[in-house]
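Step one of this worksheet: look at the structure below.
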Number of protein chains: 2
Amino acid sequence: MNLKDLRYLVAVSEYKHFGKAAEFCYVSQPTLSAQIKKLEDSLGVSLIERTNKNVFITPLGKEIVEKAKQLLNQADELIAHAKASRNPLAGALRIGTIPTIAPYLLPVIIPEIKKFMPDLKPLLFEDQTHRIVKKMNDGELDMLILAVPVETGKLEVENLFHEPFYLAAPSDHELAIKDSVSLNDIHDETILLLEEGHCLRDHALEFCNISQSDDELAFRATSLETLRQMVASKAGITLLPALAVDNKAISFNSDLISYREFNDSQIGRDIAIVYRKNTVRKDAICKLTELIKTCIPHEWLI
Amino acid sequence: MNLKDLRYLVAVSEYKHFGKAAEFCYVSQPTLSAQIKKLEDSLGVSLIERTNKNVFITPLGKEIVEKAKQLLNQADELIAHAKASRNPLAGALRIGTIPTIAPYLLPVIIPEIKKFMPDLKPLLFEDQTHRIVKKMNDGELDMLILAVPVETGKLEVENLFHEPFYLAAPSDHELAIKDSVSLNDIHDETILLLEEGHCLRDHALEFCNISQSDDELAFRATSLETLRQMVASKAGITLLPALAVDNKAISFNSDLISYREFNDSQIGRDIAIVYRKNTVRKDAICKLTELIKTCIPHEWLI
DNA sequence: TCGATGCAATAGATTTTATCTATGATAAAA
DNA sequence: TTTTATCATAGATAAAATCTATTGCATCGA
């Protein structure tokens, strides 16, 4: 039994005439007759009583026709649903990002998506790198935005931009008055870091490979905002990725925290997008990647 | 798109493995791969992301799979419904009878049907001959029980039995004491008849082709029971088909009415069953016909 | 680094199914 | 009786599904 047969049956029940039903179905009358017969044989019942003069649908036939109509409606619905999802730039796109990117980059990107990819439904998932990479490998996410390098196995990685780090220090700190700072300047400072698992912690540590005791590393913030609060309360200094630093905050040296550029633009991290080589959302991912690039200062782009 | 493709899709979504899904579906892996691909192409969307290592169902794929499952369940239901109706002696059998048969024959037959054809669902329709014949010709009834001869066009007619007529007269009528009566005996009597349209009226008139004035024919009962009441009230005499005459009433000459046999057994009517030559319920009709015969006095059978 | 392994895709042949045209059979209508 | 309308049948053909064998690719183990 297949859907086409049911369509033929319903057509006959509508027209009570094999020829007209066949015409309606764009097939020849013998074809339709044969398929109806096949359907009846496969079901093992008579659905239609026909002579060369009359076509009657049997009581059972009427019941089957009703069920067939429902079935066909559902099938049409399924097809319509698929058709509505044909636009490669539409539908759900499951995006994974890390906590040190999501709150700063997404508010910039989302409005752009709404504007330029209005049919895309971004589903955002935020977690640490290794977890979103696992979800990517399990086929549960379509696209990641994270800091590289990262062990991604066979996944495709495309570098997007280099995000500089800023030094964040209490406003009354001696470094706060310098135009720019160097790694040497922070050699003896107390560096505040995120808790284990955040890649930003590892990147920061890498730049500050200095003889800090474990005690000094005991401060382990759960988010950049916590870190910022700790700096404001003069617990130490830290490195913040540029996107987490509000432009105005830099210019006006506002509030309790002062943000300073490093003299070496290499100090920062590379942000990349990651996806499976065989992803079915390649189109949407590429388009979205381009969109992100337009939201980023040109000089950062790689 | 056809149902088999959807089964393949659901299988892959269950096993996440083309080979195993193919095995489950009793087809080769290339077959299943090709059909899935065909399905995706026809829908114009990607449902499965596959490498030689992983098989992921896309978000849209999961939606389609859910719809496919519903569709397949409904299809299985349809098939099961048809299968349950395969027994030719089961299901609805639409039976038409005339008012002068139905109330007397059916109470005898129905218990027999319940006993010997327990799965048959007799749907009873009672109306005058020409109306049930029309319904038969329109395919709305499967089987008629009526008195012949009757103009049935191309319909099949099978005579069942000859039902004698009894004379029904008031108990104090002079004919009520005779063992049997002849047509001559009723020549000058007032014959009470049913209203126009009942074949019994025509049959009775046929036997009594006598010079009754229109006035005398003015009594036109709507049912045999009305007719019986009129006899009881001594308005005249009438002919009643044997099935409408309770056996006890004959023996004991009970109540106000006396029933007398005719000396000529030809005085009566032939009861037949009628069906379309191409009816799909031939089996049930034949079986039921046999059943009816067992309920009828042997000497009546034709 | 190199075969071995597992898996989906591809190729080509084959079988099955659907479809077509032409014709037959039958009953009603002219 | 001929014509017409209608569904069924026959035989040929086209389309589709399916099979076996193989390829290509990535992973795993030595």
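Identifiers in this document derive from the order of the structure tokens: chains are assigned A, B, ..., residues are numbered from 1 separately in each chain, and ligands are numbered from 1 in order of occurrence.
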* To do: Show which residues sit within 9 Å of stretch 16-30 of chain C, as number ranges by chain. Count only C-alpha atoms (C1' of nucleotides), and ignore same-chain residues fewer than 3 positions away.
  => A: 27-28, 30-31, 35, 51-53; D: 2-6, 8-10, 12-18
If the cut-off is 10 Å, can you tell me the residues of chain C near chain B, counting only C-alpha atoms (C1' of nucleotides)? I'd like them as a PDB file with C-alpha atoms (C1' of nucleotides), in the first residue's frame.
```pdb
ATOM      1  C1'  DG C   6      33.682  -0.272   9.495  1.00  0.00           C
ATOM      2  C1'  DC C   7      30.461   2.390   7.117  1.00  0.00           C
ATOM      3  C1'  DA C   8      27.986   5.021   3.784  1.00  0.00           C
ATOM      4  C1'  DA C   9      28.086   6.138  -1.184  1.00  0.00           C
ATOM      5  C1'  DT C  10      28.376   4.755  -5.924  1.00  0.00           C
ATOM      6  C1'  DA C  27     -24.988  -3.007 -20.536  1.00  0.00           C
TER       7       DA C  27
END
```
* Contact residues (chain B, partner chain A, 6 Å, only C-alpha atoms) as a PyMOL selection string -> chain B and resi 2-3+43+45+56+82+86+139
* Residues of chain D within 12 Å of chain B, only C-alpha atoms (C1' of nucleotides) counted, as a ChimeraX atom specification -> /D:16-22,24-27
* Asked: Which distance in Å separates atom CA of A:Cys295 and atom CA of A:Glu156, to one decimal?
  -> 22.2 Å
* **Backbone-only DSSP, strand (DSSP E) members of stretch 157-200 of chain B, as number ranges by chain** => B: 157-170, 180-181, 193-194
* Pick from B:Leu239, B:Leu106, B:Ile95, B:Leu194 nearest to B:Ser182, counting only C-alpha atoms ->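 When distances to B:Ser182 are compared using only C-alpha atoms, the smallest one comes from B:Leu239.
When atom CA of A:Glu261 is paired with atom CA of A:Ser233, their separation reads 20.9 Å.
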* Asked: Among stretch 83-214 of chain A, which residues carry a DSSP assignment of helix (DSSP H, G or I), reported as a PyMOL selection string?
  -> chain A and resi 83-84+102-116+129-137+174-177+183-186+199-207
* Do a neighbour search on stretch 107-111 of chain A at 10 Å with only C-alpha atoms (C1' of nucleotides), toss out local chain neighbours closer than 4 positions, and write the hits as an MDAnalysis selection string. => chainID A and resid 102:103 115:118 122 243 288 291:296
* Give me the residues within 9 Å of stretch 170-180 of chain A as a list in words, counting only C-alpha atoms (C1' of nucleotides) and dropping any in the same chain fewer than 5 places off. =>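 Once the nearby chain positions are removed, what remains is Asp185, Ile186, Val231, Ala232, Ser233, Lys234, Ala235, Gly236, Ile237, Asn253, Ser254, Asp255, Leu256, Ile257, Ser258, Tyr259, Arg260, Glu261, Phe262 and Asn263 of chain A.
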